[in-house]
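Source file data_15.pdb; content: PDB, C-alpha atoms.
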ATOM      1  CA  MET N   1      -2.911 -33.652  -9.217
ATOM      2  CA  ARG N   2       0.090 -31.524 -10.141
ATOM      3  CA  LYS N   3       2.833 -32.688 -12.455
ATOM      4  CA  GLY N   4       5.359 -32.863  -9.601
ATOM      5  CA  GLN N   5       3.003 -35.020  -7.520
ATOM      6  CA  MET N   6       2.444 -37.347 -10.477
ATOM      7  CA  GLU N   7       6.192 -37.775 -10.853
ATOM      8  CA  ILE N   8       6.598 -38.611  -7.153
ATOM      9  CA  VAL N   9       3.802 -41.194  -7.387
ATOM     10  CA  GLY N  10       5.496 -42.702 -10.467
ATOM     11  CA  LEU N  11       8.810 -42.836  -8.633
ATOM     12  CA  MET N  12       7.153 -44.549  -5.648
ATOM     13  CA  VAL N  13       5.586 -47.167  -7.934
ATOM     14  CA  VAL N  14       9.007 -47.903  -9.449
ATOM     15  CA  VAL N  15      10.584 -48.174  -5.964
ATOM     16  CA  ILE N  16       7.791 -50.496  -4.767
ATOM     17  CA  ILE N  17       8.233 -52.728  -7.844
ATOM     18  CA  ILE N  18      12.005 -52.898  -7.194
ATOM     19  CA  ILE N  19      11.404 -53.809  -3.512
ATOM     20  CA  ILE N  20       8.905 -56.545  -4.468
ATOM     21  CA  GLY N  21      11.397 -57.893  -7.039
ATOM     22  CA  ALA N  22      14.157 -57.931  -4.403
ATOM     23  CA  LEU N  23      11.874 -59.801  -1.957
ATOM     24  CA  PHE N  24      11.070 -62.428  -4.613
ATOM     25  CA  TYR N  25      14.786 -62.836  -5.316
ATOM     26  CA  LEU N  26      15.493 -63.310  -1.596
ATOM     27  CA  LYS N  27      12.707 -65.861  -1.239
ATOM     28  CA  PHE N  28      13.334 -67.991  -4.313
ATOM     29  CA  GLY N  29      17.016 -67.296  -4.899
ATOM     30  CA  ILE N  30      18.554 -67.631  -1.453
ATOM     31  CA  LEU N  31      16.093 -69.673   0.654
ATOM     32  CA  HIS N  32      15.724 -72.340  -2.057
ATOM     33  CA  LYS N  33      19.477 -73.029  -2.046
ATOM     34  CA  GLU N  34      19.399 -73.585   1.726
ATOM     35  CA  GLN N  35      16.778 -76.323   1.223
ATOM     36  CA  GLU N  36      19.025 -78.147  -1.247
ATOM     37  CA  ASN N  37      21.932 -78.169   1.205
ATOM     38  CA  THR N  38      19.900 -79.791   3.968
ATOM     39  CA  ASP N  39      18.857 -82.649   1.664
ATOM     40  CA  LEU N  40      22.458 -83.816   1.353
ATOM     41  CA  SER N  41      22.571 -85.259   4.884
ATOM     42  CA  ILE N  42      19.744 -87.684   4.148
ATOM     43  CA  GLN N  43      21.352 -88.735   0.859
ATOM     44  CA  GLN N  44      24.654 -89.310   2.625
ATOM     45  CA  SER N  45      22.966 -91.308   5.369
ATOM     46  CA  TYR N  46      21.108 -93.380   2.759
ATOM     47  CA  THR N  47      24.364 -94.198   0.936
ATOM     48  CA  ILE N  48      26.259 -95.108   4.126
ATOM     49  CA  ASN N  49      23.380 -97.308   5.366
ATOM     50  CA  TRP N  50      23.171 -98.966   1.959
ATOM     51  CA  LEU N  51      26.882 -99.817   1.919
ATOM     52  CA  ASN N  52      26.797-100.991   5.526
ATOM     53  CA  ALA N  53      23.723-103.183   4.953
ATOM     54  CA  ILE N  54      25.058-104.815   1.793
ATOM     55  CA  SER N  55      28.546-105.427   3.199
ATOM     56  CA  ASN N  56      27.211-107.210   6.309
ATOM     57  CA  VAL N  57      25.218-109.921   4.507
ATOM     58  CA  ASN N  58      26.415-113.390   3.660
ATOM     59  CA  ILE N  59      26.032-114.724   0.137
ATOM     60  CA  CYS N  60      26.344-118.096  -1.631
ATOM     61  CA  ASN N  61      23.897-119.902   0.702
ATOM     62  CA  ASN N  62      25.337-118.150   3.728
ATOM     63  CA  THR N  63      28.836-119.585   3.171
ATOM     64  CA  ILE N  64      30.852-116.407   2.564
ATOM     65  CA  SER N  65      30.457-112.804   3.631
ATOM     66  CA  TYR N  66      29.952-110.139   1.006
ATOM     67  CA  LYS N  67      33.096-108.371   2.253
ATOM     68  CA  ASP N  68      35.259-111.485   1.799
ATOM     69  CA  SER N  69      33.836-112.101  -1.650
ATOM     70  CA  LEU N  70      34.763-108.523  -2.641
ATOM     71  CA  ILE N  71      38.349-109.219  -1.606
ATOM     72  CA  GLU N  72      38.198-112.446  -3.652
ATOM     73  CA  CYS N  73      36.950-110.382  -6.584
ATOM     74  CA  TYR N  74      39.870-107.990  -6.265
ATOM     75  CA  ASN N  75      42.295-110.933  -6.300
ATOM     76  CA  ASP N  76      40.502-112.633  -9.250
ATOM     77  CA  GLY N  77      39.349-115.484  -6.993
ATOM     78  CA  ILE N  78      36.368-117.826  -7.154
ATOM     79  CA  VAL N  79      33.157-117.594  -5.131
ATOM     80  CA  CYS N  80      30.406-120.205  -5.232
ATOM     81  CA  GLY N  81      32.154-121.982  -8.120
ATOM     82  CA  GLU N  82      32.103-118.870 -10.303
ATOM     83  CA  ASN N  83      34.322-115.936 -11.076
ATOM     84  CA  ALA N  84      34.053-113.846  -7.882
ATOM     85  CA  CYS N  85      33.460-110.513  -9.644
ATOM     86  CA  GLY N  86      30.766-111.943 -11.913
ATOM     87  CA  TYR N  87      29.041-113.625  -8.987
ATOM     88  CA  ILE N  88      29.151-110.467  -6.827
ATOM     89  CA  LYS N  89      27.868-108.363  -9.699
ATOM     90  CA  SER N  90      24.794-110.543 -10.172
ATOM     91  CA  GLU N  91      24.242-110.800  -6.393
ATOM     92  CA  SER N  92      24.573-106.998  -6.005
ATOM     93  CA  ASP N  93      22.002-106.533  -8.762
ATOM     94  CA  ASN N  94      19.641-108.879  -6.855
ATOM     95  CA  ILE N  95      20.124-106.942  -3.621
ATOM     96  CA  ILE N  96      19.724-103.574  -5.320
ATOM     97  CA  HIS N  97      16.579-104.794  -7.005
ATOM     98  CA  SER N  98      15.152-105.971  -3.674
ATOM     99  CA  ILE N  99      16.028-102.707  -1.871
ATOM    100  CA  GLY N 100      15.120-100.376  -4.694
ATOM    101  CA  LEU N 101      17.317 -97.329  -5.048
ATOM    102  CA  LYS N 102      15.035 -94.622  -3.737
ATOM    103  CA  ASP N 103      15.552 -91.531  -5.908
ATOM    104  CA  TYR N 104      18.591 -92.738  -7.770
ATOM    105  CA  LYS N 105      18.964 -94.330 -11.175
ATOM    106  CA  ASN N 106      22.612 -95.318 -11.284
ATOM    107  CA  TYR N 107      25.401 -96.445  -8.999
ATOM    108  CA  SER N 108      29.110 -97.114  -9.006
ATOM    109  CA  PHE N 109      30.666 -99.819  -6.903
ATOM    110  CA  TRP N 110      34.404-100.413  -6.723
ATOM    111  CA  ILE N 111      37.110-101.894  -4.534
ATOM    112  CA  GLN N 112      40.592-100.508  -4.234
ATOM    113  CA  LYS N 113      43.872-101.435  -2.652
ATOM    114  CA  GLY N 114      46.262 -98.510  -2.501
ATOM    115  CA  ASP N 115      45.947 -96.802  -5.879
ATOM    116  CA  ASP N 116      44.760 -99.909  -7.766
ATOM    117  CA  VAL N 117      41.048 -99.749  -8.465
ATOM    118  CA  LYS N 118      38.723-102.517  -9.623
ATOM    119  CA  TYR N 119      35.237-101.492 -10.694
ATOM    120  CA  LEU N 120      32.222-103.769 -10.378
ATOM    121  CA  THR N 121      29.981-101.093 -11.841
ATOM    122  CA  ASN N 122      30.897 -97.600 -12.939
ATOM    123  CA  GLU N 123      27.838 -95.578 -13.857
ATOM    124  CA  CYS N 124      28.417 -92.409 -11.797
ATOM    125  CA  LYS N 125      31.154 -89.826 -12.173
ATOM    126  CA  THR N 126      29.671 -87.592  -9.466
ATOM    127  CA  GLY N 127      27.156 -88.174  -6.697
ATOM    128  CA  VAL N 128      26.954 -89.136  -3.039
ATOM    129  CA  LYS N 129      29.746 -91.488  -1.977
ATOM    130  CA  ALA N 130      30.358 -93.796   0.980
ATOM    131  CA  ASP N 131      33.332 -96.031   1.683
ATOM    132  CA  GLU N 132      34.404 -98.678   4.146
ATOM    133  CA  ILE N 133      37.818-100.149   4.935
ATOM    134  CA  LEU N 134      38.219-103.949   4.956
ATOM    135  CA  LEU N 135      41.106-106.013   6.240
ATOM    136  CA  ASP N 136      41.837-109.456   4.871
ATOM    137  CA  THR N 137      43.307-112.333   6.901
ATOM    138  CA  ASN N 138      46.842-111.093   6.165
ATOM    139  CA  GLY N 139      45.988-107.651   7.471
ATOM    140  CA  GLU N 140      46.033-106.069   3.997
ATOM    141  CA  GLU N 141      43.821-103.047   3.631
ATOM    142  CA  TYR N 142      41.102-102.710   0.996
ATOM    143  CA  THR N 143      38.532 -99.952   0.545
ATOM    144  CA  ILE N 144      35.068-100.584  -0.839
ATOM    145  CA  ASN N 145      33.392 -97.559  -2.368
ATOM    146  CA  PHE N 146      29.810 -96.964  -3.307
ATOM    147  CA  ARG N 147      28.438 -93.951  -5.161
ATOM    148  CA  LEU N 148      24.835 -93.108  -6.002
ATOM    149  CA  CYS N 149      23.702 -90.654  -8.637
TER     150      CYS N 149
ATOM    151  CA  MET U   1      -7.636 -24.635  -8.721
ATOM    152  CA  GLY U   2      -9.655 -22.774 -11.350
ATOM    153  CA  LEU U   3     -12.186 -22.007  -8.606
ATOM    154  CA  LEU U   4      -9.859 -19.277  -7.354
ATOM    155  CA  SER U   5     -10.667 -17.193 -10.410
ATOM    156  CA  PHE U   6     -14.291 -16.646  -9.275
ATOM    157  CA  GLY U   7     -15.277 -13.252  -8.035
ATOM    158  CA  ASN U   8     -16.243 -13.924  -4.416
ATOM    159  CA  CYS U   9     -12.926 -14.331  -2.609
ATOM    160  CA  GLY U  10     -14.424 -15.683   0.690
ATOM    161  CA  MET U  11     -16.509 -18.292  -1.106
ATOM    162  CA  SER U  12     -13.572 -19.467  -3.213
ATOM    163  CA  ARG U  13     -11.382 -19.764  -0.089
ATOM    164  CA  GLN U  14     -14.122 -21.795   1.584
ATOM    165  CA  LYS U  15     -14.434 -24.019  -1.469
ATOM    166  CA  LYS U  16     -10.648 -24.358  -1.643
ATOM    167  CA  GLY U  17     -10.620 -25.297   2.042
ATOM    168  CA  GLN U  18     -13.374 -27.889   1.452
ATOM    169  CA  LEU U  19     -11.457 -29.326  -1.466
ATOM    170  CA  GLN U  20      -8.276 -29.561   0.586
ATOM    171  CA  LEU U  21     -10.209 -31.222   3.400
ATOM    172  CA  GLN U  22     -11.731 -33.702   0.942
ATOM    173  CA  GLU U  23      -8.283 -34.315  -0.496
ATOM    174  CA  THR U  24      -6.894 -34.958   2.996
ATOM    175  CA  ILE U  25      -9.802 -37.297   3.865
ATOM    176  CA  LEU U  26      -9.292 -39.171   0.590
ATOM    177  CA  ALA U  27      -5.548 -39.423   1.195
ATOM    178  CA  VAL U  28      -6.103 -40.700   4.775
ATOM    179  CA  PHE U  29      -8.740 -43.151   3.495
ATOM    180  CA  VAL U  30      -6.409 -44.494   0.782
ATOM    181  CA  PHE U  31      -3.564 -44.642   3.307
ATOM    182  CA  VAL U  32      -5.757 -46.626   5.767
ATOM    183  CA  ILE U  33      -6.859 -48.997   2.986
ATOM    184  CA  ILE U  34      -3.215 -49.541   1.990
ATOM    185  CA  ILE U  35      -2.285 -50.221   5.632
ATOM    186  CA  ILE U  36      -5.209 -52.680   6.016
ATOM    187  CA  ILE U  37      -4.217 -54.491   2.814
ATOM    188  CA  GLY U  38      -0.590 -54.502   3.991
ATOM    189  CA  MET U  39      -1.578 -55.948   7.374
ATOM    190  CA  PHE U  40      -3.741 -58.575   5.693
ATOM    191  CA  VAL U  41      -0.867 -59.573   3.399
ATOM    192  CA  PHE U  42       1.561 -59.548   6.326
ATOM    193  CA  VAL U  43      -0.677 -61.742   8.535
ATOM    194  CA  ASN U  44      -1.226 -64.153   5.645
ATOM    195  CA  TYR U  45       2.485 -64.275   4.949
ATOM    196  CA  GLN U  46       3.242 -64.848   8.637
ATOM    197  CA  ASN U  47       0.656 -67.654   8.779
ATOM    198  CA  ASN U  48       2.157 -69.341   5.745
ATOM    199  CA  SER U  49       5.630 -68.794   7.115
ATOM    200  CA  ILE U  50       4.694 -70.430  10.444
ATOM    201  CA  LYS U  51       3.101 -73.358   8.579
ATOM    202  CA  LYS U  52       6.230 -73.696   6.429
ATOM    203  CA  ASP U  53       8.470 -73.544   9.517
ATOM    204  CA  PHE U  54       6.388 -76.297  11.119
ATOM    205  CA  ASP U  55       6.646 -78.438   7.975
ATOM    206  CA  ASP U  56      10.403 -77.807   7.858
ATOM    207  CA  PHE U  57      10.664 -78.737  11.523
ATOM    208  CA  ASN U  58       8.836 -82.002  10.848
ATOM    209  CA  ARG U  59      10.987 -82.697   7.801
ATOM    210  CA  ILE U  60      14.171 -82.126   9.799
ATOM    211  CA  LYS U  61      12.787 -84.288  12.618
ATOM    212  CA  THR U  62      12.126 -87.081  10.099
ATOM    213  CA  ARG U  63      15.659 -86.753   8.737
ATOM    214  CA  ILE U  64      17.206 -86.820  12.197
ATOM    215  CA  ASN U  65      15.142 -89.893  13.041
ATOM    216  CA  ILE U  66      16.094 -91.691   9.828
ATOM    217  CA  ILE U  67      19.770 -91.004  10.587
ATOM    218  CA  THR U  68      19.755 -91.755  14.314
ATOM    219  CA  LEU U  69      16.916 -94.213  15.042
ATOM    220  CA  ASN U  70      18.821 -97.352  14.062
ATOM    221  CA  ASP U  71      21.522 -96.332  16.511
ATOM    222  CA  ILE U  72      19.458 -95.833  19.670
ATOM    223  CA  PRO U  73      20.080 -98.342  22.499
ATOM    224  CA  GLU U  74      16.517 -99.713  22.213
ATOM    225  CA  LEU U  75      17.215-100.902  18.643
ATOM    226  CA  GLY U  76      20.978-100.984  18.037
ATOM    227  CA  CYS U  77      22.781-104.313  17.946
ATOM    228  CA  SER U  78      26.046-105.496  19.404
ATOM    229  CA  LYS U  79      28.199-108.517  18.725
ATOM    230  CA  ALA U  80      30.382-109.990  21.459
ATOM    231  CA  GLY U  81      29.795-106.833  23.465
ATOM    232  CA  ILE U  82      30.978-104.559  20.652
ATOM    233  CA  LYS U  83      28.420-102.126  19.309
ATOM    234  CA  GLU U  84      27.859-102.450  15.572
ATOM    235  CA  ASN U  85      26.051-100.429  12.953
ATOM    236  CA  CYS U  86      22.942-102.596  12.717
ATOM    237  CA  VAL U  87      19.502-103.200  14.203
ATOM    238  CA  ASP U  88      18.779-106.191  16.437
ATOM    239  CA  ASP U  89      15.580-107.789  15.110
ATOM    240  CA  LEU U  90      14.650-109.221  18.528
ATOM    241  CA  LYS U  91      14.835-105.739  20.010
ATOM    242  CA  LEU U  92      12.259-104.538  17.489
ATOM    243  CA  ILE U  93       9.489-106.525  19.162
ATOM    244  CA  ALA U  94      10.722-105.468  22.596
ATOM    245  CA  PHE U  95      10.630-101.834  21.459
ATOM    246  CA  LYS U  96       7.105-102.262  20.099
ATOM    247  CA  ASN U  97       5.893-103.594  23.463
ATOM    248  CA  LEU U  98       7.768-100.870  25.326
ATOM    249  CA  ALA U  99       6.308 -98.119  23.125
ATOM    250  CA  GLU U 100       2.813 -99.503  23.682
ATOM    251  CA  ARG U 101       3.275 -99.664  27.443
ATOM    252  CA  ARG U 102       4.834 -96.202  27.713
ATOM    253  CA  LYS U 103       2.718 -94.602  25.038
ATOM    254  CA  ALA U 104       2.640 -91.107  26.548
ATOM    255  CA  GLU U 105       6.403 -90.984  27.048
ATOM    256  CA  TYR U 106       7.202 -92.089  23.488
ATOM    257  CA  ALA U 107       4.464 -89.907  22.012
ATOM    258  CA  GLU U 108       6.102 -86.933  23.681
ATOM    259  CA  ASN U 109       9.522 -87.844  22.260
ATOM    260  CA  LEU U 110       8.571 -89.098  18.801
ATOM    261  CA  GLY U 111       5.253 -87.344  18.143
ATOM    262  CA  TYR U 112       2.897 -88.352  15.358
ATOM    263  CA  MET U 113       4.749 -90.932  13.292
ATOM    264  CA  ASN U 114       4.943 -94.502  12.096
ATOM    265  CA  ILE U 115       8.139 -96.542  12.203
ATOM    266  CA  THR U 116       8.121 -99.767  10.211
ATOM    267  CA  PHE U 117      10.847-102.195   9.149
ATOM    268  CA  TYR U 118      10.385-104.371   6.043
ATOM    269  CA  GLN U 119      12.775-107.257   5.498
ATOM    270  CA  VAL U 120      13.855-107.305   1.829
ATOM    271  CA  TYR U 121      16.939-109.568   1.663
ATOM    272  CA  PRO U 122      17.635-112.554   1.517
ATOM    273  CA  GLU U 123      13.866-112.934   1.131
ATOM    274  CA  LYS U 124      10.800-110.735   1.447
ATOM    275  CA  ASN U 125       8.198-111.717   3.995
ATOM    276  CA  THR U 126       4.980-109.778   4.372
ATOM    277  CA  LYS U 127       3.853-111.417   7.620
ATOM    278  CA  GLU U 128       3.896-109.050  10.557
ATOM    279  CA  CYS U 129       6.098-109.906  13.511
ATOM    280  CA  ASP U 130       4.786-109.735  17.058
ATOM    281  CA  LYS U 131       5.567-111.358  20.389
ATOM    282  CA  ASP U 132       3.694-114.525  19.323
ATOM    283  CA  ASN U 133       5.312-114.690  15.890
ATOM    284  CA  LEU U 134       9.033-114.005  15.976
ATOM    285  CA  GLU U 135      10.364-116.468  13.425
ATOM    286  CA  ASN U 136       8.354-116.609  10.221
ATOM    287  CA  CYS U 137       7.788-112.906   9.611
ATOM    288  CA  GLY U 138       9.351-109.887   7.936
ATOM    289  CA  VAL U 139       7.404-106.744   8.880
ATOM    290  CA  TRP U 140       7.946-104.953  12.172
ATOM    291  CA  ASN U 141       5.542-102.101  12.827
ATOM    292  CA  ILE U 142       7.262-100.903  15.971
ATOM    293  CA  TYR U 143       5.670 -97.516  16.562
ATOM    294  CA  GLU U 144       2.364 -96.099  15.423
ATOM    295  CA  ASN U 145       0.843 -92.806  16.511
ATOM    296  CA  LYS U 146      -1.473 -91.199  13.966
ATOM    297  CA  PRO U 147      -3.445 -87.999  14.575
ATOM    298  CA  LYS U 148      -7.228 -88.044  14.073
ATOM    299  CA  THR U 149      -6.950 -85.771  11.063
ATOM    300  CA  ILE U 150      -3.891 -85.800   8.835
ATOM    301  CA  THR U 151      -3.118 -82.666   6.829
ATOM    302  CA  SER U 152       0.200 -83.805   5.367
ATOM    303  CA  ARG U 153       2.710 -86.635   5.584
ATOM    304  CA  ILE U 154       6.489 -86.854   5.192
ATOM    305  CA  ARG U 155       7.968 -90.254   4.302
ATOM    306  CA  GLU U 156      11.622 -91.268   4.393
ATOM    307  CA  VAL U 157      13.126 -94.673   3.634
ATOM    308  CA  THR U 158      16.592 -96.033   4.309
ATOM    309  CA  PRO U 159      18.136 -99.512   4.157
ATOM    310  CA  VAL U 160      19.385-100.940   7.453
ATOM    311  CA  SER U 161      21.387-103.982   8.403
ATOM    312  CA  LEU U 162      19.229-106.316  10.462
ATOM    313  CA  TYR U 163      21.013-108.731  12.796
ATOM    314  CA  ASN U 164      19.479-111.928  14.111
ATOM    315  CA  VAL U 165      21.277-113.024  17.275
ATOM    316  CA  LYS U 166      19.819-116.559  17.309
ATOM    317  CA  GLU U 167      20.978-117.368  13.772
ATOM    318  CA  ASP U 168      24.030-115.040  13.906
ATOM    319  CA  LYS U 169      22.963-113.793  10.497
ATOM    320  CA  TYR U 170      22.625-110.392   8.863
ATOM    321  CA  LYS U 171      19.688-109.456   6.686
ATOM    322  CA  ILE U 172      18.700-106.247   4.921
ATOM    323  CA  ALA U 173      15.575-104.323   5.837
ATOM    324  CA  LEU U 174      14.062-101.028   4.815
ATOM    325  CA  MET U 175      13.287 -98.650   7.658
ATOM    326  CA  VAL U 176      10.291 -96.490   6.758
ATOM    327  CA  ILE U 177       9.495 -93.423   8.832
ATOM    328  CA  GLU U 178       6.289 -91.511   8.217
ATOM    329  CA  VAL U 179       5.731 -88.256  10.086
ATOM    330  CA  TYR U 180       2.218 -86.806  10.150
ATOM    331  CA  ASN U 181       1.045 -83.234  10.469
ATOM    332  CA  ALA U 182      -2.231 -82.839  12.286
TER     333      ALA U 182
END
Since I need it in another form, could you write the structure as structure tokens?
Amino acid sequence: MRKGQMEIVGLMVVVIIIIIGALFYLKFGILHKEQENTDLSIQQSYTINWLNAISNVNICNNTISYKDSLIECYNDGIVCGENACGYIKSESDNIIHSIGLKDYKNYSFWIQKGDDVKYLTNECKTGVKADEILLDTNGEEYTINFRLC
Amino acid sequence: MGLLSFGNCGMSRQKKGQLQLQETILAVFVFVIIIIIGMFVFVNYQNNSIKKDFDDFNRIKTRINIITLNDIPELGCSKAGIKENCVDDLKLIAFKNLAERRKAEYAENLGYMNITFYQVYPEKNTKECDKDNLENCGVWNIYENKPKTITSRIREVTPVSLYNVKEDKYKIALMVIEVYNA
């Protein structure tokens, strides 16, 4: 083989290696990111369902709804003969333990009225969040927020 | 190329021609081998790609089901005529019977999968619910369609609010969806 031919073969090898490298980048660099984005919908759905399920139940031997007890907590009230926030915190821990938080380790749970925020648990700065608006008997608006991380 | 320096010009041309022919045959042979290897790699890649697409399709189907199943009319609950975001536990048994009666129709819509609800709050109950046992139970296996051979399985879990119309009480259940690849 002549020197010129050898050089062309060498050049082709380099080009082929570059093309293979580019294909690997496309496969693992771009397609992988797309997979991550699609997972978010299931996480969001999980968080919304979790908040909806927990806020519908009644606590304290079925005498008060979880939603009403959260409002009591915000207003430093009493639920089941105990401090509302303390009672809700222990009840939430029971519920979370019974459900099991699928792939998550921590959660934040807080109630707010306007700009005033009251945290029951604050373990997550970022993560997947869901919220729900509650109205008390006077028509005042509260928002319960739940974040998983 | 050194062959050209031999005395007999005709012979050397013939030998040169033979060499060029051999070179061409070798080049064509190598080219064909490369094409065959390329086709083999391409077919393999396509096969894997189709398998991956099918797995992705099943995964997306599972996700769509986990998001939408608790909202379908066969399962969704309503209170005083207003639709709520919960599952009616009496409808679960009705759905199970319906899915058994119209197996072909549901198999076409849902495919190979299992849908099970496990009550977890206020108390766990491992007894399975059916039309003869509606009260003291906590597991509703409402749809089951497994292929004869299972190559892979996708499992998704989400909490749902379970409403009991008779007691007017909400409970929490886990909805487990398992999709099978045959």
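Atom to atom, CA of Ile96 in chain N and CA of Tyr180 in chain U stand 28.8 Å apart.
Here CA of Arg101 in chain U and CA of Lys131 in chain U stand 13.8 Å from one another.
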request  = Determine, counting only C-alpha atoms, which protein, DNA and RNA residues have an atom within 8 Å of an atom of range 131-146 of chain N; residues of the same chain fewer than 4 positions away are not included. Present the result as a PyMOL selection string.
outcome  = chain N and resi 47-48+51+67-68+71+107-114
Determine, using all atoms listed in the file, which residues of chain N have any atom at most 8 Å from an atom of chain U, and tabulate each with its shortest atom pair and distance in Å to one decimal place, rows ordered by chain and then rising number, as CSV.
residue,atom,partner,partner_atom,distance
N:Ile42,CA,U:Arg63,CA,6.2
N:Ser45,CA,U:Ile67,CA,6.1
N:Tyr46,CA,U:Thr158,CA,5.5
N:Asn49,CA,U:Val160,CA,5.8
N:Trp50,CA,U:Pro159,CA,5.5
N:Asn52,CA,U:Ser161,CA,6.8
N:Ala53,CA,U:Ser161,CA,4.2
N:Ile54,CA,U:Ile172,CA,7.2
N:Asn56,CA,U:Tyr170,CA,6.1
N:Val57,CA,U:Tyr170,CA,5.1
N:Asn58,CA,U:Tyr170,CA,7.1
N:Ile95,CA,U:Tyr121,CA,6.7
N:Ser98,CA,U:Val120,CA,5.8
N:Ile99,CA,U:Val120,CA,6.3
N:Lys102,CA,U:Val157,CA,7.6
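Those residues that approach Cys137 in chain U to within 9 Å, counting all atoms listed in the file, are Gln119, Lys124, Asn125, Thr126, Lys127, Glu128, Cys129, Asp130, Asn133, Leu134, Glu135, Val139 and Trp140 of chain U; same-chain residues fewer than 2 positions away are not listed.
Distances from N:Ile8, N:Ile20, N:Val128, N:Ile59 to Lys89 in chain N were compared using all atoms listed in the file, and the smallest one belongs to N:Ile59.
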As JSON, please: the centre and edge lengths in Å, to one decimal, of an axis-aligned box enclosing every listed atom of range 66-82 of chain U with 6 Å added on each side.
{"center_x": 23.5, "center_y": -100.5, "center_z": 16.6, "size_x": 26.9, "size_y": 31.0, "size_z": 25.6}
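Residue nearest Ser65 in chain N, chosen from N:Leu101, N:Glu91, N:Glu82, N:Gly10 and counting all atoms listed in the file: N:Glu91.
Evaluated against the shown file, the PyMOL selection byres ((chain U and resi 99) around 12) gives U:Glu74, U:Lys91, U:Leu92, U:Ile93, U:Ala94, U:Phe95, U:Lys96, U:Asn97, U:Leu98, U:Glu100, U:Arg101, U:Arg102, U:Lys103, U:Ala104, U:Glu105, U:Tyr106, U:Ala107, U:Glu108, U:Asn109, U:Leu110, U:Gly111, U:Asn114, U:Ile115, U:Asn141, U:Ile142, U:Tyr143, U:Glu144, U:Asn145.
You will find CA of Thr63 in chain N at 12.0 Å from CA of Gly81 in chain N.
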Counting only C-alpha atoms, find residues at most 7 Å from (32.7, -107.7, -10.7) (file frame) and give them as an mmCIF file with C-alpha atoms, in the frame of the given file.
data_model
loop_
_atom_site.group_PDB
_atom_site.id
_atom_site.type_symbol
_atom_site.label_atom_id
_atom_site.label_comp_id
_atom_site.auth_asym_id
_atom_site.auth_seq_id
_atom_site.Cartn_x
_atom_site.Cartn_y
_atom_site.Cartn_z
ATOM 1 C CA CYS N 73 36.950 -110.382 -6.584
ATOM 2 C CA ALA N 84 34.053 -113.846 -7.882
ATOM 3 C CA CYS N 85 33.460 -110.513 -9.644
ATOM 4 C CA GLY N 86 30.766 -111.943 -11.913
ATOM 5 C CA ILE N 88 29.151 -110.467 -6.827
ATOM 6 C CA LYS N 89 27.868 -108.363 -9.699
ATOM 7 C CA TYR N 119 35.237 -101.492 -10.694
ATOM 8 C CA LEU N 120 32.222 -103.769 -10.378
#
ask   = On this structure, which residues satisfy the PyMOL selection byres ((chain U and resi 165) around 9), written as a PyMOL selection string?
value = chain U and resi 77+79+88-90+163-164+166-170
key: Which residue of N:Met12, N:Ser90, N:Asn75, N:Phe24 approaches Val117 in chain N most closely, using only C-alpha atoms   = N:Asn75
Pop range 120-130 of chain N out of the structure in the block and write N, CA and C atoms as a tab-separated table (two decimals), in the first residue's frame.
chain	number	residue	atom	x	y	z
N	120	LEU	N	-45.25	22.16	59.60
N	120	LEU	CA	-45.37	20.97	60.45
N	120	LEU	C	-44.06	20.19	60.38
N	121	THR	N	-43.55	20.07	59.17
N	121	THR	CA	-42.24	19.46	58.94
N	121	THR	C	-41.57	20.20	57.80
N	122	ASN	N	-40.29	20.44	57.92
N	122	ASN	CA	-39.59	21.15	56.85
N	122	ASN	C	-38.25	20.46	56.58
N	123	GLU	N	-38.32	19.43	55.77
N	123	GLU	CA	-37.10	18.65	55.47
N	123	GLU	C	-36.61	18.87	54.05
N	124	CYS	N	-37.47	19.45	53.19
N	124	CYS	CA	-37.11	19.59	51.77
N	124	CYS	C	-37.07	21.06	51.34
N	125	LYS	N	-35.98	21.46	50.73
N	125	LYS	CA	-35.92	22.80	50.15
N	125	LYS	C	-36.39	22.75	48.70
N	126	THR	N	-36.09	21.65	48.02
N	126	THR	CA	-36.55	21.47	46.63
N	126	THR	C	-37.21	20.10	46.52
N	127	GLY	N	-37.93	19.89	45.45
N	127	GLY	CA	-38.59	18.59	45.26
N	127	GLY	C	-39.91	18.77	44.54
N	128	VAL	N	-40.74	17.74	44.59
N	128	VAL	CA	-42.02	17.80	43.88
N	128	VAL	C	-43.10	18.28	44.87
N	129	LYS	N	-43.83	19.31	44.47
N	129	LYS	CA	-44.76	19.95	45.41
N	129	LYS	C	-46.21	19.85	44.93
N	130	ALA	N	-47.12	19.70	45.91
N	130	ALA	CA	-48.55	19.77	45.61
N	130	ALA	C	-49.20	20.66	46.65
